[in-house]
>>> print(open('coords.csv').read())   # CSV, C-alpha atoms
chain,number,residue,atom,x,y,z
A,1,MET,CA,-58.5,-0.5,31.2
A,2,LEU,CA,-56.1,0.1,28.4
A,3,ALA,CA,-55.7,3.7,27.1
A,4,ALA,CA,-56.7,2.6,23.6
A,5,THR,CA,-59.9,1.1,24.9
A,6,ALA,CA,-60.7,4.2,26.9
A,7,ALA,CA,-60.1,6.4,23.9
A,8,LEU,CA,-62.5,4.3,21.8
A,9,LEU,CA,-65.2,4.5,24.4
A,10,VAL,CA,-64.8,8.3,24.6
A,11,ALA,CA,-65.3,8.5,20.8
A,12,VAL,CA,-68.4,6.2,21.0
A,13,VAL,CA,-70.1,8.3,23.7
A,14,ALA,CA,-69.2,11.6,21.9
A,15,ILE,CA,-70.8,10.3,18.7
A,16,ALA,CA,-73.8,9.1,20.6
A,17,GLY,CA,-74.1,12.5,22.2
A,18,VAL,CA,-74.2,14.1,18.8
A,19,VAL,CA,-77.0,11.7,17.7
A,20,VAL,CA,-79.2,12.4,20.7
A,21,GLY,CA,-78.6,16.1,20.6
A,22,ALA,CA,-79.6,16.2,16.9
A,23,ASN,CA,-82.6,13.9,17.1
A,24,GLY,CA,-83.7,13.8,20.7
A,25,PHE,CA,-83.1,10.0,20.9
A,26,GLY,CA,-80.5,7.4,20.1
A,27,PHE,CA,-77.8,7.8,22.7
A,28,ALA,CA,-78.6,4.5,24.4
A,29,VAL,CA,-78.5,2.4,21.3
A,30,VAL,CA,-75.5,4.1,19.7
A,31,ALA,CA,-73.4,4.2,22.9
A,32,THR,CA,-74.2,0.7,24.2
A,33,ALA,CA,-74.1,-1.1,20.9
A,34,GLY,CA,-71.0,0.8,20.0
A,35,ALA,CA,-69.3,0.0,23.3
A,36,ALA,CA,-70.3,-3.6,23.0
A,37,LEU,CA,-68.0,-3.8,20.0
A,38,ILE,CA,-65.1,-2.7,22.3
A,39,VAL,CA,-65.9,-4.4,25.7
A,40,ALA,CA,-68.1,-7.3,26.9
A,41,PRO,CA,-71.8,-6.5,26.3
A,42,ALA,CA,-72.8,-6.6,30.0
A,43,GLU,CA,-69.9,-4.3,30.8
A,44,ALA,CA,-71.0,-1.9,28.0
A,45,VAL,CA,-74.5,-1.8,29.4
A,46,THR,CA,-73.2,-0.9,32.9
A,47,LEU,CA,-70.6,1.6,31.7
A,48,MET,CA,-73.2,3.6,29.8
A,49,ILE,CA,-75.8,4.0,32.5
A,50,ILE,CA,-74.3,7.2,33.9
A,51,PRO,CA,-73.4,8.8,30.5
A,52,LEU,CA,-76.9,8.0,29.3
A,53,LEU,CA,-78.4,9.7,32.3
A,54,ALA,CA,-76.2,12.8,31.8
A,55,ALA,CA,-76.9,13.1,28.1
A,56,ASN,CA,-80.7,12.9,28.7
A,57,LEU,CA,-80.7,15.3,31.7
A,58,ARG,CA,-78.9,17.8,29.4
A,59,LEU,CA,-81.8,17.3,27.0
A,60,ALA,CA,-84.3,17.6,29.8
A,61,GLY,CA,-82.9,21.0,30.5
A,62,THR,CA,-84.5,22.2,27.3
A,63,ILE,CA,-88.0,21.4,28.5
A,64,ASP,CA,-90.0,24.1,30.2
A,65,ALA,CA,-92.3,23.5,33.2
A,66,ALA,CA,-95.5,23.6,31.1
A,67,GLN,CA,-94.1,21.0,28.7
A,68,LEU,CA,-93.0,18.8,31.7
A,69,ARG,CA,-96.6,18.9,33.1
A,70,VAL,CA,-98.0,17.9,29.8
A,71,CYS,CA,-95.6,15.0,29.6
A,72,LEU,CA,-96.4,13.8,33.1
A,73,ARG,CA,-100.1,14.2,32.7
A,74,ARG,CA,-100.3,12.3,29.4
A,75,PHE,CA,-97.6,9.7,30.0
A,76,GLY,CA,-97.6,9.2,33.8
A,77,PRO,CA,-98.8,5.6,33.8
A,78,PHE,CA,-96.5,4.8,30.8
A,79,LEU,CA,-93.4,6.2,32.6
A,80,ALA,CA,-94.3,4.3,35.8
A,81,ALA,CA,-94.6,1.0,34.0
A,82,ALA,CA,-91.4,1.6,32.1
A,83,ALA,CA,-89.6,2.2,35.4
A,84,VAL,CA,-90.8,-1.0,36.9
A,85,GLY,CA,-89.9,-3.0,33.8
A,86,THR,CA,-86.4,-1.3,33.7
A,87,VAL,CA,-85.6,-2.4,37.3
A,88,ALA,CA,-86.7,-6.0,36.5
A,89,GLY,CA,-84.5,-6.1,33.4
A,90,MET,CA,-81.5,-4.8,35.2
A,91,LEU,CA,-81.8,-7.5,37.9
A,92,ALA,CA,-81.9,-10.1,35.2
A,93,LEU,CA,-78.8,-8.7,33.4
A,94,ALA,CA,-76.3,-10.9,35.2
A,95,ALA,CA,-78.1,-14.1,34.0
A,96,VAL,CA,-78.1,-13.2,30.3
A,97,PRO,CA,-75.4,-15.0,28.3
A,98,THR,CA,-72.9,-12.7,26.6
A,99,GLY,CA,-73.6,-14.1,23.1
A,100,LEU,CA,-77.3,-13.7,23.5
A,101,LEU,CA,-77.0,-10.1,24.8
A,102,ARG,CA,-74.7,-9.1,21.9
A,103,ALA,CA,-77.1,-10.6,19.3
A,104,GLY,CA,-80.1,-9.1,21.1
A,105,LEU,CA,-78.5,-5.6,20.9
A,106,GLY,CA,-77.8,-6.1,17.2
A,107,ALA,CA,-81.3,-7.3,16.5
A,108,LEU,CA,-83.0,-4.6,18.5
A,109,THR,CA,-80.9,-2.0,16.7
A,110,LEU,CA,-81.8,-3.2,13.2
A,111,ALA,CA,-85.5,-3.7,14.2
A,112,TYR,CA,-85.8,-0.1,15.1
A,113,VAL,CA,-84.2,1.1,11.9
A,114,GLY,CA,-86.7,-1.2,10.0
A,115,THR,CA,-89.6,0.6,11.7
A,116,GLN,CA,-88.4,3.9,10.2
A,117,THR,CA,-88.6,2.7,6.6
A,118,ARG,CA,-91.5,2.5,4.2
A,119,TRP,CA,-91.1,-1.3,4.0
A,120,MET,CA,-91.8,-1.7,7.7
A,121,PRO,CA,-94.0,1.3,8.6
A,122,THR,CA,-94.9,2.1,12.2
A,123,PRO,CA,-98.6,1.7,12.8
A,124,VAL,CA,-100.6,4.6,14.2
A,125,VAL,CA,-101.8,4.3,17.8
A,126,SER,CA,-104.6,6.6,18.8
A,127,ASP,CA,-104.9,8.3,22.2
A,128,ALA,CA,-107.7,5.9,23.2
A,129,ARG,CA,-105.7,2.8,22.4
A,130,HIS,CA,-102.6,4.3,24.1
A,131,ARG,CA,-104.5,4.6,27.4
A,132,ILE,CA,-105.1,0.8,27.3
A,133,MET,CA,-102.0,-0.6,25.7
A,134,GLY,CA,-99.4,2.0,26.8
A,135,PRO,CA,-98.6,0.6,30.3
A,136,PRO,CA,-98.1,-3.0,29.1
A,137,VAL,CA,-96.0,-1.9,26.2
A,138,ALA,CA,-93.9,0.3,28.6
A,139,LEU,CA,-93.5,-2.6,31.1
A,140,ALA,CA,-92.2,-5.0,28.4
A,141,GLY,CA,-90.1,-2.3,26.8
A,142,GLY,CA,-88.7,-1.4,30.2
A,143,VAL,CA,-87.5,-4.9,30.8
A,144,LEU,CA,-85.5,-4.8,27.5
A,145,PHE,CA,-84.2,-1.4,28.3
A,146,GLY,CA,-83.0,-2.4,31.7
A,147,ALA,CA,-81.2,-5.5,30.4
A,148,SER,CA,-79.7,-3.8,27.3
A,149,ASN,CA,-79.8,0.1,27.7
A,150,VAL,CA,-81.6,-0.1,24.3
A,151,GLY,CA,-85.0,1.7,24.3
A,152,VAL,CA,-85.7,1.5,20.6
A,153,GLN,CA,-88.9,-0.5,21.3
A,154,LEU,CA,-90.2,2.4,23.4
A,155,VAL,CA,-89.1,4.9,20.8
A,156,ALA,CA,-91.0,3.0,18.1
A,157,TYR,CA,-94.1,3.0,20.2
A,158,LEU,CA,-93.9,6.7,20.8
A,159,ASP,CA,-93.4,7.2,17.1
A,160,ALA,CA,-96.7,5.4,16.5
A,161,LEU,CA,-98.5,8.0,18.7
A,162,ARG,CA,-97.5,10.7,16.1
A,163,ILE,CA,-96.9,13.2,18.9
A,164,ASP,CA,-95.1,16.5,18.1
A,165,GLU,CA,-91.3,16.6,18.3
A,166,ARG,CA,-91.0,18.8,21.4
A,167,LEU,CA,-93.4,16.5,23.4
A,168,ARG,CA,-91.5,13.5,22.0
A,169,VAL,CA,-88.2,14.8,23.1
A,170,GLY,CA,-89.6,15.6,26.5
A,171,VAL,CA,-90.9,12.0,27.0
A,172,PHE,CA,-87.6,10.6,25.8
A,173,ALA,CA,-85.8,12.7,28.4
A,174,LEU,CA,-88.0,11.5,31.2
A,175,ILE,CA,-87.7,7.9,30.2
A,176,PHE,CA,-83.9,7.8,29.6
A,177,GLY,CA,-83.0,10.6,32.0
A,178,GLY,CA,-85.5,10.3,34.9
A,179,ILE,CA,-85.5,6.6,35.1
A,180,GLY,CA,-81.7,6.7,34.8
A,181,LEU,CA,-81.6,7.9,38.4
A,182,VAL,CA,-83.3,4.7,39.5
A,183,ARG,CA,-80.9,2.7,37.3
A,184,ILE,CA,-77.8,4.0,39.0
A,185,ALA,CA,-79.3,3.1,42.4
A,186,VAL,CA,-80.2,-0.4,41.2
A,187,ALA,CA,-76.8,-0.9,39.6
A,188,GLY,CA,-75.0,0.0,42.8
A,189,ALA,CA,-77.2,-2.1,45.0
A,190,SER,CA,-77.1,-5.2,42.8
A,191,GLY,CA,-73.3,-5.2,42.2
A,192,LEU,CA,-73.4,-4.5,38.4
A,193,TYR,CA,-70.4,-2.2,38.9
A,194,ALA,CA,-67.6,-4.6,39.3
A,195,ASP,CA,-65.4,-2.2,41.2
A,196,LEU,CA,-64.7,1.5,41.8
A,197,ALA,CA,-62.5,1.7,38.7
A,198,GLN,CA,-65.4,0.7,36.4
A,199,LEU,CA,-67.6,3.3,38.1
A,200,ALA,CA,-64.9,5.9,37.6
A,201,VAL,CA,-64.7,5.1,33.9
A,202,SER,CA,-68.5,5.5,33.6
A,203,VAL,CA,-68.4,8.9,35.3
A,204,GLY,CA,-65.4,9.9,33.1
A,205,LEU,CA,-67.5,9.3,30.0
A,206,VAL,CA,-70.0,12.0,31.0
A,207,ALA,CA,-67.9,14.9,29.7
A,208,PRO,CA,-67.5,13.6,26.1
A,209,ALA,CA,-71.2,12.6,26.1
A,210,LEU,CA,-72.3,16.1,27.0
A,211,ALA,CA,-69.9,17.7,24.5
A,212,GLY,CA,-71.5,15.6,21.8
A,213,VAL,CA,-75.0,16.6,22.9
A,214,TRP,CA,-74.0,20.2,22.8
A,215,LEU,CA,-72.8,19.8,19.2
A,216,GLY,CA,-75.8,17.8,18.2
A,217,MET,CA,-78.3,20.4,19.5
A,218,ARG,CA,-76.6,23.0,17.3
A,219,LEU,CA,-76.7,20.7,14.3
A,220,ARG,CA,-80.5,20.1,14.9
A,221,ALA,CA,-81.3,23.7,14.1
A,222,ARG,CA,-79.1,23.7,11.0
A,223,LEU,CA,-79.7,20.4,9.3
A,224,PRO,CA,-82.9,19.1,7.8
A,225,ARG,CA,-84.8,16.5,9.9
A,226,ARG,CA,-84.7,14.1,7.1
A,227,LEU,CA,-80.9,14.3,6.7
A,228,ARG,CA,-80.4,13.9,10.5
A,229,ARG,CA,-82.6,10.8,10.7
A,230,ARG,CA,-81.1,9.2,7.6
A,231,ALA,CA,-77.5,9.6,8.9
A,232,THR,CA,-78.6,8.1,12.3
A,233,GLN,CA,-80.2,5.2,10.5
A,234,LEU,CA,-77.1,4.4,8.5
A,235,LEU,CA,-75.0,4.5,11.7
A,236,LEU,CA,-77.4,2.2,13.5
A,237,VAL,CA,-77.4,-0.3,10.6
A,238,ALA,CA,-73.6,-0.4,10.6
A,239,ILE,CA,-73.5,-1.1,14.4
A,240,GLY,CA,-76.4,-3.6,14.3
A,241,VAL,CA,-74.8,-5.7,11.5
A,242,ARG,CA,-71.4,-5.7,13.2
A,243,LEU,CA,-72.9,-6.9,16.5
A,244,LEU,CA,-74.6,-9.8,14.7
A,245,LEU,CA,-71.5,-10.9,12.8
>>> encode(input="coords.csv", output="structure tokens")
Amino acid sequence: MLAATAALLVAVVAIAGVVVGANGFGFAVVATAGAALIVAPAEAVTLMIIPLLAANLRLAGTIDAAQLRVCLRRFGPFLAAAAVGTVAGMLALAAVPTGLLRAGLGALTLAYVGTQTRWMPTPVVSDARHRIMGPPVALAGGVLFGASNVGVQLVAYLDALRIDERLRVGVFALIFGGIGLVRIAVAGASGLYADLAQLAVSVGLVAPALAGVWLGMRLRARLPRRLRRRATQLLLVAIGVRLLL
């Protein structure tokens, strides 16, 4: 891999780390969609599996034991269904054409931004409805996540539950962090890593990702939530449009 390409990937994961540190979500879509502007989309998905895990495990470290129990009790079936769907999506990744995957990444990115605006408001899902529709939504969302790293469809659903921010961050960490351990095993067993050099690049991107998370977590306490979310939305729009062009 050329030095210039590696430098651009480092910048992408650092920015993605700032986004997830400040908002509790967004690493997967910013890092993968951003990397897909630099390398082939399938390679971008594979390269970001380990940095995505590291970034979200860093976030998970902010969750105490009581909060973890609440997350598992309330979202256990949802998390299990998301894990199954994620594995299925990863196994299908090799069969997805490059152009389709690139366009899909762009469309998913813009669709999520749309759900955050008043023109496309996210509907409210009650706890009673969540118990019924949560696992099927998680299964379908997991398939997309496994094939693209993009979990915006899961984020949008959790937004619809109107849960408090700490619980929301905890669930994100379990989905994108806990399930990430499974993804590394599946990627290795299914041959998604082309060679040891690609695996080494993925591991090497962990440090800038964690540095970005560290910075983002400090910005979270100092910047208004509205400003943080608006800046993230503008970044996602720019990336999504570029992927579709």
>>> residues_near_point(input="coords.csv", point="(-95.1, 1.5, 31.3)", cutoff="10 Å", atoms="only C-alpha atoms", output="number ranges by chain")
A: 75-86, 133-143, 154, 175
>>> atom_distance(input="coords.csv", atom1="CA of Val241 (chain A)", atom2="CA of Arg222 (chain A)")
29.7 Å
>>> closest_residue(input="coords.csv", among="A:Val113, A:Val13, A:Ala160, A:Ala92", to="Thr232 (chain A)", atoms="all atoms listed in the file")
A:Val113
>>> residues_around(input="coords.csv", residues="region 24-34 of chain A", least_positions_apart="5", cutoff="8 Å", atoms="all atoms listed in the file", output="list of chain:residue names")
A:Val12, A:Val13, A:Ile15, A:Ala16, A:Gly17, A:Val19, A:Pro41, A:Ala44, A:Val45, A:Met48, A:Leu52, A:Ala55, A:Leu59, A:Leu105, A:Gly106, A:Thr109, A:Ser148, A:Asn149, A:Val150, A:Gly151, A:Val152, A:Val155, A:Arg168, A:Val169, A:Phe172, A:Leu236, A:Ile239, A:Gly240, A:Leu243
>>> write_last_selection(input="coords.csv", atoms="C-alpha atoms", output="PDB file, keeping the file's coordinate frame")
ATOM      1  CA  VAL A  12     -68.400   6.200  21.000  1.00  0.00           C
ATOM      2  CA  VAL A  13     -70.100   8.300  23.700  1.00  0.00           C
ATOM      3  CA  ILE A  15     -70.800  10.300  18.700  1.00  0.00           C
ATOM      4  CA  ALA A  16     -73.800   9.100  20.600  1.00  0.00           C
ATOM      5  CA  GLY A  17     -74.100  12.500  22.200  1.00  0.00           C
ATOM      6  CA  VAL A  19     -77.000  11.700  17.700  1.00  0.00           C
ATOM      7  CA  PRO A  41     -71.800  -6.500  26.300  1.00  0.00           C
ATOM      8  CA  ALA A  44     -71.000  -1.900  28.000  1.00  0.00           C
ATOM      9  CA  VAL A  45     -74.500  -1.800  29.400  1.00  0.00           C
ATOM     10  CA  MET A  48     -73.200   3.600  29.800  1.00  0.00           C
ATOM     11  CA  LEU A  52     -76.900   8.000  29.300  1.00  0.00           C
ATOM     12  CA  ALA A  55     -76.900  13.100  28.100  1.00  0.00           C
ATOM     13  CA  LEU A  59     -81.800  17.300  27.000  1.00  0.00           C
ATOM     14  CA  LEU A 105     -78.500  -5.600  20.900  1.00  0.00           C
ATOM     15  CA  GLY A 106     -77.800  -6.100  17.200  1.00  0.00           C
ATOM     16  CA  THR A 109     -80.900  -2.000  16.700  1.00  0.00           C
ATOM     17  CA  SER A 148     -79.700  -3.800  27.300  1.00  0.00           C
ATOM     18  CA  ASN A 149     -79.800   0.100  27.700  1.00  0.00           C
ATOM     19  CA  VAL A 150     -81.600  -0.100  24.300  1.00  0.00           C
ATOM     20  CA  GLY A 151     -85.000   1.700  24.300  1.00  0.00           C
ATOM     21  CA  VAL A 152     -85.700   1.500  20.600  1.00  0.00           C
ATOM     22  CA  VAL A 155     -89.100   4.900  20.800  1.00  0.00           C
ATOM     23  CA  ARG A 168     -91.500  13.500  22.000  1.00  0.00           C
ATOM     24  CA  VAL A 169     -88.200  14.800  23.100  1.00  0.00           C
ATOM     25  CA  PHE A 172     -87.600  10.600  25.800  1.00  0.00           C
ATOM     26  CA  LEU A 236     -77.400   2.200  13.500  1.00  0.00           C
ATOM     27  CA  ILE A 239     -73.500  -1.100  14.400  1.00  0.00           C
ATOM     28  CA  GLY A 240     -76.400  -3.600  14.300  1.00  0.00           C
ATOM     29  CA  LEU A 243     -72.900  -6.900  16.500  1.00  0.00           C
TER      30      LEU A 243
END
>>> atom_distance(input="coords.csv", atom1="CA of Leu72 (chain A)", atom2="CA of Ala173 (chain A)")
11.6 Å
>>> atom_distance(input="coords.csv", atom1="CA of Leu144 (chain A)", atom2="CA of Cys71 (chain A)")
22.3 Å
